[in-house]
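Engineer: Quick one: structure below, then a few questions.
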Amino acid sequence: MGIEALTRNVEEIVTPQELEALLRQRGPTAYWGFELSGEFHLGWYMCADKIKDIVQAGFDCTILLA
């Protein structure tokens, strides 16, 4: 899994070079924060799908729920 999957359906990233450097590191970490409000909807699936991409790319993903 590469940069294409990580950047698919996202608005922005810091820089492609920084993302490439993170992918070369051993055990990069990603943090994802949510404030749960209302019913589950399609947007939740899109977030879950992106988290799956991040984990499959080798990131240790921490999810923060408010």
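Following the order of the structure tokens, chains are lettered A, B, ..., residues in each are numbered from 1, and ligands are numbered from 1.
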For range 42-52 of chain A, work out the shell of residues within 12 Å, counting only C-alpha atoms and skipping chain neighbours fewer than 5 positions away, then give it as a ChimeraX atom specification.

Structural biologist: /A:1,4-10,29-37,57-63

Engineer: Residues of chain A classed as strand (DSSP E or B) by DSSP on the backbone are to be reported as a PyMOL selection string.

Structural biologist: chain A and resi 29-34+60-65

Engineer: How would the residues just picked look written out with all heavy atoms as a compact mmCIF listing (two decimals), in the first residue's frame?

Structural biologist:
```
# COMPACT_ATOMS: atom_id res chain seq x y z
N THR A 29 3.09 6.52 13.45
CA THR A 29 1.86 6.60 14.23
C THR A 29 0.91 7.62 13.61
O THR A 29 1.33 8.67 13.16
CB THR A 29 2.18 7.03 15.67
OG1 THR A 29 3.09 6.10 16.24
CG2 THR A 29 0.94 7.06 16.54
N ALA A 30 -0.37 7.28 13.61
CA ALA A 30 -1.42 8.19 13.14
C ALA A 30 -2.44 8.35 14.26
O ALA A 30 -2.74 7.40 14.98
CB ALA A 30 -2.09 7.64 11.89
N TYR A 31 -2.95 9.57 14.42
CA TYR A 31 -3.98 9.86 15.40
C TYR A 31 -5.22 10.35 14.66
O TYR A 31 -5.12 11.17 13.76
CB TYR A 31 -3.52 10.93 16.39
CG TYR A 31 -2.34 10.50 17.21
CD1 TYR A 31 -1.05 10.81 16.81
CD2 TYR A 31 -2.53 9.77 18.38
CE1 TYR A 31 0.04 10.40 17.56
CE2 TYR A 31 -1.45 9.36 19.13
CZ TYR A 31 -0.17 9.68 18.72
OH TYR A 31 0.90 9.27 19.45
N TRP A 32 -6.38 9.85 15.06
CA TRP A 32 -7.63 10.22 14.43
C TRP A 32 -8.61 10.55 15.55
O TRP A 32 -8.87 9.72 16.42
CB TRP A 32 -8.15 9.05 13.60
CG TRP A 32 -9.19 9.41 12.60
CD1 TRP A 32 -10.48 9.76 12.88
CD2 TRP A 32 -9.06 9.45 11.19
NE1 TRP A 32 -11.15 10.01 11.71
CE2 TRP A 32 -10.30 9.83 10.66
CE3 TRP A 32 -8.03 9.20 10.33
CZ2 TRP A 32 -10.53 9.96 9.30
CZ3 TRP A 32 -8.25 9.33 8.97
CH2 TRP A 32 -9.48 9.71 8.47
N GLY A 33 -9.18 11.74 15.53
CA GLY A 33 -10.08 12.14 16.59
C GLY A 33 -11.51 12.33 16.10
O GLY A 33 -11.74 12.82 15.00
N PHE A 34 -12.46 11.93 16.94
CA PHE A 34 -13.88 12.04 16.63
C PHE A 34 -14.62 12.65 17.79
O PHE A 34 -14.30 12.39 18.95
CB PHE A 34 -14.53 10.66 16.43
CG PHE A 34 -14.12 9.93 15.21
CD1 PHE A 34 -13.17 8.93 15.28
CD2 PHE A 34 -14.70 10.21 13.99
CE1 PHE A 34 -12.81 8.23 14.15
CE2 PHE A 34 -14.34 9.52 12.86
CZ PHE A 34 -13.39 8.52 12.94
N ASP A 60 0.59 2.70 13.07
CA ASP A 60 -0.06 2.35 14.30
C ASP A 60 -1.09 3.46 14.54
O ASP A 60 -0.71 4.60 14.78
CB ASP A 60 0.95 2.29 15.44
CG ASP A 60 0.32 1.94 16.77
OD1 ASP A 60 -0.76 1.33 16.77
OD2 ASP A 60 0.91 2.28 17.80
N CYS A 61 -2.36 3.14 14.45
CA CYS A 61 -3.41 4.16 14.47
C CYS A 61 -4.09 4.20 15.83
O CYS A 61 -4.59 3.19 16.32
CB CYS A 61 -4.44 3.84 13.38
SG CYS A 61 -5.60 5.18 13.09
N THR A 62 -4.10 5.39 16.44
CA THR A 62 -4.81 5.62 17.69
C THR A 62 -6.05 6.44 17.38
O THR A 62 -5.96 7.47 16.73
CB THR A 62 -3.91 6.40 18.68
OG1 THR A 62 -2.75 5.62 18.95
CG2 THR A 62 -4.64 6.69 19.97
N ILE A 63 -7.19 5.95 17.85
CA ILE A 63 -8.46 6.64 17.60
C ILE A 63 -8.94 7.24 18.91
O ILE A 63 -9.07 6.53 19.92
CB ILE A 63 -9.50 5.66 17.02
CG1 ILE A 63 -8.99 5.07 15.72
CG2 ILE A 63 -10.84 6.37 16.83
CD1 ILE A 63 -9.82 3.95 15.17
N LEU A 64 -9.15 8.54 18.91
CA LEU A 64 -9.60 9.27 20.09
C LEU A 64 -11.08 9.60 19.93
O LEU A 64 -11.49 10.23 18.96
CB LEU A 64 -8.79 10.56 20.26
CG LEU A 64 -7.28 10.38 20.27
CD1 LEU A 64 -6.57 11.72 20.17
CD2 LEU A 64 -6.85 9.64 21.52
N LEU A 65 -11.89 9.19 20.89
CA LEU A 65 -13.32 9.47 20.86
C LEU A 65 -13.64 10.48 21.94
O LEU A 65 -13.27 10.31 23.10
CB LEU A 65 -14.13 8.20 21.10
CG LEU A 65 -13.91 7.07 20.08
CD1 LEU A 65 -14.69 5.83 20.50
CD2 LEU A 65 -14.33 7.52 18.70
```

Engineer: Between CA of Ile54 in chain A and CA of Ala66 in chain A, measure the distance and give it in Å to one decimal.

Structural biologist: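 Calculated distance between CA of Ile54 in chain A and CA of Ala66 in chain A is 20.7 Å.
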
Engineer: In Å to one decimal, how far is CA of Gly27 in chain A from CA of Val55 in chain A?

Structural biologist: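 Between CA of Val55 in chain A and CA of Gly27 in chain A the gap works out to 10.5 Å.
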
Engineer: Separation of CA of Gln25 in chain A and CA of Asp53 in chain A, in Å?

Structural biologist: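 Computing the Euclidean distance for CA of Gln25 in chain A and CA of Asp53 in chain A yields 16.9 Å.
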